[in-house]
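Reproduced below: entry31.txt, with compact mmCIF, C-alpha atoms.
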# COMPACT_ATOMS: atom_id res chain seq x y z
CA MET J 127 64.45 100.40 92.40
CA ASP J 128 62.30 99.01 89.63
CA ILE J 129 63.79 97.27 86.67
CA GLU J 130 62.25 99.69 84.13
CA ARG J 131 64.39 102.50 85.49
CA VAL J 132 67.47 100.34 85.12
CA ASP J 133 66.40 99.44 81.59
CA ARG J 134 65.87 103.07 80.69
CA ILE J 135 69.41 103.93 81.80
CA ILE J 136 70.81 100.97 79.85
CA ASP J 137 68.81 101.97 76.75
CA LYS J 138 70.19 105.47 76.96
CA HIS J 139 73.63 103.96 76.46
CA ARG J 140 72.31 101.60 73.75
CA GLY J 141 73.26 98.61 75.89
CA GLU J 142 76.94 98.97 75.07
CA ALA J 143 79.34 97.10 77.29
CA ARG J 144 81.85 99.96 77.23
CA ALA J 145 79.32 102.18 79.02
CA LEU J 146 79.30 99.86 82.03
CA ILE J 147 80.79 102.29 84.54
CA GLN J 148 78.66 105.17 83.24
CA ILE J 149 75.52 103.06 83.61
CA LEU J 150 76.45 102.00 87.12
CA LEU J 151 77.13 105.63 88.04
CA GLU J 152 73.69 106.66 86.80
CA ILE J 153 71.97 103.89 88.71
CA GLN J 154 73.96 104.87 91.77
CA SER J 155 72.93 108.52 91.58
CA ASP J 156 69.32 107.59 90.80
CA ASN J 157 68.97 105.07 93.61
CA ARG J 158 71.83 105.99 96.02
CA TRP J 159 73.07 102.39 95.93
CA LEU J 160 73.34 99.41 93.58
CA PRO J 161 70.90 96.61 94.42
CA LYS J 162 71.84 93.13 93.30
CA GLU J 163 68.87 92.89 90.90
CA ALA J 164 70.11 96.01 89.13
CA LEU J 165 73.61 94.57 88.78
CA THR J 166 72.18 91.31 87.44
CA ARG J 167 70.10 93.22 84.90
CA VAL J 168 73.11 95.26 83.77
CA SER J 169 75.18 92.08 83.46
CA GLU J 170 72.52 90.37 81.32
CA ARG J 171 71.75 93.28 79.03
CA LEU J 172 75.36 94.33 78.48
CA GLN J 173 76.60 90.76 78.09
CA VAL J 174 79.26 91.41 80.71
CA PRO J 175 79.99 88.63 83.22
CA MET J 176 78.55 89.20 86.68
CA THR J 177 82.02 88.76 88.17
CA ARG J 178 83.20 91.79 86.21
CA VAL J 179 80.22 93.92 87.18
CA GLN J 180 80.78 92.95 90.81
CA HIS J 181 84.47 93.68 90.59
CA ILE J 182 83.83 97.18 89.29
CA ALA J 183 80.92 97.88 91.64
CA THR J 184 83.09 97.00 94.63
CA PHE J 185 86.27 98.61 93.31
CA TYR J 186 85.22 102.26 93.11
CA LYS J 187 84.30 104.18 96.21
CA ALA J 188 81.60 106.01 94.25
CA PHE J 189 79.53 102.82 94.22
CA SER J 190 77.74 101.24 97.13
CA THR J 191 76.36 97.71 97.18
CA VAL J 192 74.59 98.30 100.47
CA PRO J 193 71.62 100.65 101.00
CA LYS J 194 72.50 104.27 101.69
CA GLY J 195 70.56 106.77 103.77
CA ARG J 196 68.53 109.64 102.33
CA HIS J 197 71.16 112.12 103.52
CA GLU J 198 74.90 111.78 103.15
CA VAL J 199 76.89 113.25 106.01
CA HIS J 200 80.59 113.87 105.48
CA VAL J 201 82.67 114.97 108.42
CA CYS J 202 86.07 116.36 107.48
CA MET J 203 88.95 114.88 109.45
CA GLY J 204 91.69 116.67 107.53
CA THR J 205 94.60 118.26 109.37
CA ALA J 206 93.09 121.73 109.65
CA CYS J 207 89.70 120.47 110.78
CA HIS J 208 91.35 118.01 113.11
CA VAL J 209 93.22 120.70 115.03
CA ARG J 210 90.05 122.76 115.18
CA GLY J 211 88.19 119.97 116.94
CA ALA J 212 86.75 117.74 114.19
CA GLN J 213 86.92 114.75 116.52
CA ARG J 214 84.39 116.32 118.88
CA VAL J 215 82.10 117.12 115.94
CA LEU J 216 82.39 113.53 114.72
CA ASP J 217 81.71 112.14 118.20
CA LYS J 218 78.58 114.29 118.42
CA VAL J 219 77.37 113.17 114.98
CA GLN J 220 77.92 109.54 115.96
CA ASP J 221 76.01 110.12 119.18
CA ALA J 222 73.12 111.87 117.47
CA THR J 223 72.75 109.41 114.61
CA GLY J 224 73.88 106.25 116.39
CA ILE J 225 76.12 105.18 113.51
CA GLN J 226 79.85 104.88 112.90
CA PRO J 227 81.62 106.18 109.79
CA GLY J 228 80.77 103.95 106.82
CA GLU J 229 77.42 102.96 108.27
CA THR J 230 73.77 103.81 107.59
CA ASP J 231 71.08 103.95 110.24
CA SER J 232 68.18 101.51 110.16
CA ASP J 233 65.66 104.23 109.17
CA LEU J 234 67.85 104.98 106.14
CA ARG J 235 67.96 108.59 107.25
CA PHE J 236 71.71 109.21 107.39
CA SER J 237 74.86 107.66 105.99
CA LEU J 238 78.03 108.81 107.69
CA GLU J 239 81.48 109.04 106.13
CA ILE J 240 84.68 110.72 107.17
CA VAL J 241 86.62 112.57 104.49
CA ASN J 242 90.14 113.91 104.50
CA CYS J 243 89.71 117.42 103.14
CA LEU J 244 86.85 119.35 101.62
CA GLY J 245 89.11 122.15 100.46
CA CYS J 246 87.78 124.90 102.70
CA CYS J 247 90.10 124.58 105.67
CA ALA J 248 89.40 128.16 106.81
CA LEU J 249 85.86 127.06 107.64
CA GLY J 250 87.02 124.14 109.80
CA PRO J 251 85.76 122.06 111.37
CA VAL J 252 83.65 121.35 108.32
CA MET J 253 80.73 119.02 107.87
CA GLU J 254 78.92 118.42 104.61
CA ILE J 255 75.32 117.22 104.40
CA ASP J 256 74.01 116.30 100.95
CA GLY J 257 76.72 118.43 99.39
CA LYS J 258 75.90 121.52 101.43
CA THR J 259 78.85 122.76 103.44
CA HIS J 260 78.40 123.56 107.11
CA GLY J 261 81.45 125.44 108.40
CA ARG J 262 82.80 126.40 111.83
CA MET J 263 80.86 123.60 113.47
CA SER J 264 80.52 123.18 117.18
CA PRO J 265 79.10 119.97 118.60
CA ALA J 266 75.85 121.77 119.43
CA ALA J 267 75.54 123.30 115.95
CA THR J 268 76.10 119.82 114.53
CA VAL J 269 72.95 118.45 116.11
CA GLU J 270 70.96 121.47 114.98
CA ALA J 271 72.14 121.04 111.43
CA LEU J 272 71.27 117.35 111.41
CA ASN J 273 67.76 118.12 112.69
CA ASP J 274 67.03 120.04 109.49
CA TYR J 275 67.19 116.80 107.50
CA GLU J 276 64.45 114.25 107.74
CA MET P 149 114.10 83.05 51.74
CA ASP P 150 112.44 80.49 53.94
CA GLU P 151 115.70 79.98 55.80
CA GLY P 152 116.03 83.73 56.26
CA MET P 153 112.54 84.04 57.71
CA LYS P 154 113.30 81.29 60.18
CA ASN P 155 116.44 83.04 61.31
CA MET P 156 114.50 86.25 61.74
CA SER P 157 112.20 84.74 64.30
CA LYS P 158 114.93 82.79 66.04
CA ILE P 159 116.26 84.53 69.10
CA LEU P 160 119.45 83.73 70.91
CA LEU P 161 119.83 84.72 74.52
CA LYS P 162 121.85 83.80 77.57
CA ILE P 163 120.14 82.58 80.73
CA ASP P 164 122.42 81.93 83.71
CA GLY P 165 125.39 81.75 81.36
CA LYS P 166 123.72 79.12 79.20
CA ASP P 167 123.00 79.79 75.53
CA VAL P 168 119.28 79.43 74.92
CA GLU P 169 117.44 79.48 71.63
CA ALA P 170 113.92 80.85 71.61
CA ARG P 171 111.25 81.89 69.16
CA GLU P 172 110.01 85.43 68.84
CA GLY P 173 107.09 86.22 71.13
CA MET P 174 108.19 83.77 73.82
CA THR P 175 108.62 85.05 77.33
CA ILE P 176 111.79 84.66 79.38
CA LEU P 177 109.96 82.11 81.51
CA GLU P 178 109.04 79.97 78.50
CA ALA P 179 112.56 80.16 77.13
CA ALA P 180 114.02 79.18 80.49
CA GLN P 181 111.62 76.27 80.85
CA SER P 182 112.46 74.99 77.39
CA ALA P 183 116.14 75.00 78.43
CA GLY P 184 115.40 73.23 81.69
CA ILE P 185 116.09 76.26 83.86
CA ASP P 186 113.71 76.59 86.80
CA ILE P 187 112.12 79.93 87.67
CA PRO P 188 109.68 79.82 90.59
CA THR P 189 106.13 81.01 89.87
CA LEU P 190 102.86 81.15 91.76
CA CYS P 191 100.40 82.92 89.50
CA HIS P 192 101.53 81.36 86.23
CA HIS P 193 99.63 78.66 84.36
CA GLU P 194 100.41 77.55 80.82
CA LYS P 195 96.75 77.56 79.76
CA LEU P 196 96.26 81.13 80.93
CA GLU P 197 97.41 84.54 79.80
CA PRO P 198 100.43 85.77 81.77
CA TYR P 199 99.32 87.86 84.71
CA GLY P 200 102.40 89.06 86.58
CA ALA P 201 100.68 89.20 89.95
CA CYS P 202 102.97 87.28 92.30
CA ARG P 203 106.27 88.76 91.05
CA LEU P 204 108.08 85.66 92.25
CA CYS P 205 109.44 85.08 88.75
CA ASN P 206 111.50 88.27 89.00
CA VAL P 207 114.76 87.92 87.12
CA GLU P 208 117.64 90.27 86.46
CA VAL P 209 118.12 91.40 82.89
CA GLU P 210 121.24 93.16 81.65
CA MET P 211 120.42 96.32 79.87
CA ARG P 212 122.36 99.37 78.74
CA GLY P 213 125.26 98.61 81.01
CA GLY P 214 123.09 98.05 84.08
CA THR P 215 120.60 95.50 85.27
CA LYS P 216 116.85 95.68 85.53
CA LEU P 217 114.36 93.49 87.36
CA VAL P 218 111.56 92.15 85.16
CA ALA P 219 108.80 89.58 85.58
CA ALA P 220 109.94 86.57 83.55
CA CYS P 221 106.37 85.45 82.88
CA LEU P 222 105.61 88.70 81.02
CA TYR P 223 108.90 89.85 79.51
CA PRO P 224 109.37 88.88 75.85
CA VAL P 225 112.73 87.49 74.82
CA GLU P 226 115.09 89.75 72.93
CA GLN P 227 118.09 89.08 70.74
CA GLN P 228 121.31 88.74 72.81
CA LEU P 229 119.49 89.28 76.10
CA THR P 230 121.44 88.28 79.21
CA VAL P 231 119.27 86.99 82.06
CA ARG P 232 120.17 85.94 85.58
CA THR P 233 117.51 83.89 87.35
CA ARG P 234 119.41 83.74 90.64
CA SER P 235 121.44 86.59 92.09
CA GLU P 236 121.73 88.19 95.47
CA LYS P 237 119.22 90.85 94.49
CA VAL P 238 116.71 88.42 92.97
CA ASP P 239 116.92 86.06 95.94
CA ARG P 240 116.46 88.92 98.39
CA ILE P 241 113.33 90.09 96.61
CA ARG P 242 111.88 86.57 96.36
CA LYS P 243 112.53 86.07 100.06
CA MET P 244 110.68 89.27 100.89
CA ILE P 245 107.74 88.39 98.62
CA LEU P 246 107.51 84.95 100.22
CA GLN P 247 107.59 86.42 103.70
CA LEU P 248 104.78 88.79 102.84
CA LEU P 249 102.72 86.01 101.27
CA LEU P 250 103.37 83.69 104.20
CA ALA P 251 101.77 86.27 106.48
CA HIS P 252 98.55 85.64 104.54
CA ALA P 253 98.78 81.90 104.05
CA PRO P 254 101.24 80.45 106.58
CA ASN P 255 100.01 76.88 106.07
CA SER P 256 100.36 76.75 102.31
CA ARG P 257 102.68 73.87 101.46
CA GLU P 258 103.74 75.47 98.20
CA LEU P 259 104.75 78.67 99.99
CA GLN P 260 106.52 76.75 102.74
CA ARG P 261 108.55 74.80 100.20
CA LEU P 262 109.63 77.97 98.39
CA GLY P 263 110.13 79.72 101.72
CA ASN P 264 112.62 77.09 102.77
CA GLU P 265 114.47 77.40 99.51
CA TYR P 266 114.85 81.16 99.83
CA GLY P 267 115.30 81.28 103.59
CA ALA P 268 112.07 83.15 104.20
CA ASP P 269 111.00 83.49 107.83
CA LYS P 270 107.27 82.83 107.99
CA ASP P 271 106.98 84.86 111.17
CA ARG P 272 108.72 87.91 109.74
CA PHE P 273 105.41 89.76 109.43
CA GLU P 274 102.38 89.70 111.66
CA LYS P 275 99.88 87.09 110.51
CA GLU P 276 97.01 88.43 108.51
CA SER P 277 95.52 85.13 107.52
CA SER P 278 93.31 85.63 104.51
CA PHE P 279 94.35 82.22 103.13
CA CYS P 280 94.45 83.85 99.73
CA ILE P 281 97.35 85.54 97.96
CA ASN P 282 95.21 87.00 95.13
CA CYS P 283 97.13 85.10 92.46
CA GLY P 284 93.93 85.05 90.41
CA LEU P 285 94.47 81.51 89.11
CA CYS P 286 90.91 80.41 89.97
CA VAL P 287 89.42 83.64 88.64
CA ARG P 288 91.33 83.51 85.38
CA TYR P 289 90.88 79.79 84.87
CA CYS P 290 87.13 80.13 85.29
CA ALA P 291 87.00 83.06 82.87
CA GLU P 292 89.57 82.05 80.24
CA VAL P 293 89.38 78.26 80.09
CA LYS P 294 85.91 77.40 81.37
CA LYS P 295 84.29 80.69 80.29
CA LEU P 296 81.89 80.38 83.21
CA ASN P 297 82.86 83.43 85.29
CA ALA P 298 81.61 81.80 88.47
CA VAL P 299 84.35 83.34 90.58
CA GLY P 300 85.75 86.85 90.52
CA PHE P 301 87.49 89.45 92.59
CA VAL P 302 85.64 91.94 94.75
CA SER P 303 86.87 95.08 96.49
CA ARG P 304 90.37 96.49 96.01
CA GLY P 305 93.80 96.83 97.56
CA ALA P 306 94.28 95.23 100.95
CA THR P 307 90.67 94.08 101.15
CA ARG P 308 90.54 92.44 97.72
CA GLU P 309 89.26 88.87 97.82
CA ILE P 310 87.70 86.22 95.63
CA SER P 311 83.96 85.76 95.59
CA PHE P 312 81.69 83.27 93.88
CA VAL P 313 78.52 84.38 92.16
CA PRO P 314 76.04 82.15 94.01
CA GLU P 315 73.64 81.75 91.06
CA ILE P 316 76.38 80.53 88.70
CA ALA P 317 78.23 78.57 91.38
CA ALA P 318 75.09 76.66 92.34
CA ARG P 319 74.60 75.66 88.70
CA GLU P 320 78.13 74.96 87.49
CA CYS P 321 80.72 74.47 90.21
CA ASP P 322 79.56 71.10 91.50
CA GLN P 323 80.54 69.30 88.29
CA CYS P 324 83.70 71.33 87.58
CA LYS P 325 85.85 72.22 90.60
CA GLU P 326 88.84 72.38 88.26
CA CYS P 327 90.09 75.52 89.96
CA PHE P 328 90.53 73.79 93.33
CA PRO P 329 93.84 72.06 92.62
CA LEU P 330 95.24 75.25 91.04
CA CYS P 331 95.17 77.18 94.30
CA PRO P 332 98.64 77.61 95.84
CA THR P 333 97.14 78.12 99.31
CA GLU P 334 94.14 75.76 99.35
CA ALA P 335 91.97 78.74 100.24
CA LEU P 336 89.56 78.39 97.41
CA GLN P 337 87.65 75.47 98.78
CA ALA P 338 86.59 77.37 101.87
CA ALA P 339 85.38 80.32 99.85
CA TYR P 340 83.44 78.06 97.53
CA VAL P 341 81.75 76.17 100.33
CA LEU P 342 80.74 79.48 101.80
CA ALA P 343 79.16 80.67 98.57
CA GLU P 344 77.36 77.39 98.13
CA ALA P 345 75.92 77.67 101.60
CA LEU P 346 74.76 81.20 100.88
CA ALA P 347 73.10 80.21 97.62
CA SER P 348 71.13 77.38 99.18
CA PHE P 349 70.22 79.56 102.15
CA SER P 350 68.22 82.06 100.11
CA PRO P 351 68.71 82.56 96.39
CA SER P 352 66.86 85.88 96.55
CA PHE P 353 68.90 87.27 99.43
CA GLY P 354 69.55 90.94 98.88
CA LEU P 355 67.24 91.13 95.88
CA GLU P 356 64.38 92.93 97.56
CA SER P 357 64.83 96.63 97.29
CA LYS P 358 62.78 99.27 98.87
CA ALA P 359 60.11 101.05 96.87
I need this file expressed as structure tokens, please.
Amino acid sequence: MDIERVDRIIDKHRGEARALIQILLEIQSDNRWLPKEALTRVSERLQVPMTRVQHIATFYKAFSTVPKGRHEVHVCMGTACHVRGAQRVLDKVQDATGIQPGETDSDLRFSLEIVNCLGCCALGPVMEIDGKTHGRMSPAATVEALNDYE
Amino acid sequence: MDEGMKNMSKILLKIDGKDVEAREGMTILEAAQSAGIDIPTLCHHEKLEPYGACRLCNVEVEMRGGTKLVAACLYPVEQQLTVRTRSEKVDRIRKMILQLLLAHAPNSRELQRLGNEYGADKDRFEKESSFCINCGLCVRYCAEVKKLNAVGFVSRGATREISFVPEIAARECDQCKECFPLCPTEALQAAYVLAEALASFSPSFGLESKA
């Protein structure tokens, strides 16, 4: 991520320290993660200590301080999905992508997370890729769905 | 008039049956200390803002016919307040807190001393040695007194820990190190050495981002 993009986001909030979280959120959605140089820039321009920026960037789950893949895969492990075989879906996703929940593959293609409920239990087991819901998954359908994302 | 003003800000309270005179705005802890009554603390430091993290300074306060547990380092004194710094309930809670903290820092001499006093069993909980009890003394001292912000907290909840900012630590910590003796567990040194090693290893580590 280049520093001009970070600067543009900071300028939009007139460099106000109170907009810290909003600025971090925008950088996160722009870049998928928060590189250290971006955090340093935010700290300098907002006159907020780096320790505080770090504390906030590591506190909220919405932020990531490690690179994230191009596609976010969420496998629901809620009760309803669990009894409908979410574990087998998750195993298959782990097999196909080679990563564990919380990890990102080395090609930065996928980041995998488990979630506890996506709110559509009738569609279980549910998997979400980049916000798109894939319902009634079977292990085979899982691999097919993943193949649609490069 | 002057005399009246003085009386206004003078507060009389009872700590462990002893009459104590305090000024308005003082905390129970400060009032107790001025009267020579000892309340154990871990996260308190007179140069720093009260924090209320360790909860070891829990005391019982009589209120509306019952009692309430409050953190002495945060609770402001009130007129005619009755405080008990030792009671069965208070001791039980301090013992539990110490047992939980000892699971994180079993070798801390400060914790062992207090543990003995309150009969805490250091093996009560499975060891989870983080060597840090998140009292925040180093973090707050660096921010409030030194205004350097070289050390801060990262992450949250059970995984929260202190972390030095390598760029600032490399520049400032060598000639300061004032936070070291504050640490009740002696954990800080290890964390600092680690950060120093990282900073000298590669100052630009993690800076390269992909296009």
Just need the residues of chain J within 8 Å of chain P, counting only C-alpha atoms, so spit them out as a PDB file with C-alpha atoms, keeping the file's coordinate frame.
ATOM      1  CA  MET J 127      64.450 100.400  92.400  1.00  0.00           C
ATOM      2  CA  ASP J 128      62.300  99.010  89.630  1.00  0.00           C
ATOM      3  CA  PRO J 161      70.900  96.610  94.420  1.00  0.00           C
ATOM      4  CA  LYS J 162      71.840  93.130  93.300  1.00  0.00           C
ATOM      5  CA  GLU J 163      68.870  92.890  90.900  1.00  0.00           C
ATOM      6  CA  PRO J 175      79.990  88.630  83.220  1.00  0.00           C
ATOM      7  CA  MET J 176      78.550  89.200  86.680  1.00  0.00           C
ATOM      8  CA  THR J 177      82.020  88.760  88.170  1.00  0.00           C
ATOM      9  CA  ARG J 178      83.200  91.790  86.210  1.00  0.00           C
ATOM     10  CA  GLN J 180      80.780  92.950  90.810  1.00  0.00           C
ATOM     11  CA  HIS J 181      84.470  93.680  90.590  1.00  0.00           C
ATOM     12  CA  ILE J 182      83.830  97.180  89.290  1.00  0.00           C
ATOM     13  CA  THR J 184      83.090  97.000  94.630  1.00  0.00           C
ATOM     14  CA  PHE J 185      86.270  98.610  93.310  1.00  0.00           C
TER      15      PHE J 185
END
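Between atom CA of Glu320 of chain P and atom CA of Leu172 of chain J lies a distance of 21.5 Å.
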Rank nothing, just name the residue among J:Ala212, J:Val174, J:Ala266, J:Ala222 nearest to Val252 of chain J, using all atoms listed in the file.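 The shortest atom-to-atom distance to Val252 of chain J comes from J:Ala212.
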Please tell me which residues are no farther than 10 Å from (66.5, 105.3, 103.7) in the file, counting all atoms listed in the file, and write them as a PyMOL selection string. (chain J and resi 158+193-197+230-237) or (chain P and resi 358)
Anything within 8 Å of (104.6, 91.8, 81.9): list those residues as an NGL selection string, counting all atoms listed in the file and sticking to the file's coordinates. :P and (198-200 or 218-223)
Would you mind reading off the distance between atom CA of Glu292 of chain P and atom CA of Pro332 of chain P, one decimal, in Å?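 So the answer is 18.6 Å.
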Pick from J:Arg171, J:Thr166, J:Leu249, J:Ile153 nearest to Arg140 of chain J, counting all atoms listed in the file: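 Distance minimum relative to Arg140 of chain J lands on J:Arg171.
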Tell me, as a compact mmCIF listing (two decimals) with C-alpha atoms, keeping the file's coordinate frame, which residues lie within 8 Å of Leu259 of chain P, counting all atoms listed in the file; anything in the same chain fewer than 3 positions away does not count.
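Result went into selection36.txt, see below:
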# COMPACT_ATOMS: atom_id res chain seq x y z
CA LEU P 246 107.51 84.95 100.22
CA LEU P 249 102.72 86.01 101.27
CA LEU P 250 103.37 83.69 104.20
CA ALA P 253 98.78 81.90 104.05
CA PRO P 254 101.24 80.45 106.58
CA ASN P 255 100.01 76.88 106.07
CA SER P 256 100.36 76.75 102.31
CA LEU P 262 109.63 77.97 98.39
CA GLY P 263 110.13 79.72 101.72
CA PRO P 332 98.64 77.61 95.84
CA THR P 333 97.14 78.12 99.31
Suppose you want the space between atom CA of Thr189 of chain P and atom CA of Cys205 of chain P; what is it in Å?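 The value is 5.4 Å.
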Spatial neighbours of Gly245 of chain J, 12 Å, only C-alpha atoms, chain gap at least 4 places, as a list in words: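 That gives Cys202, Met203, Gly204, Thr205, Ala206, Cys207, Val241, Leu249, Gly250, Pro251, Val252, Met253, Glu254, Thr259 and Gly261 of chain J.
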Point out the residue among P:Val293, P:Ala345, P:Cys324, P:Ile163 with the least atom-to-atom distance to Thr230 of chain P, counting only C-alpha atoms.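 Residue with the minimum atom-to-atom distance to Thr230 of chain P: P:Ile163.
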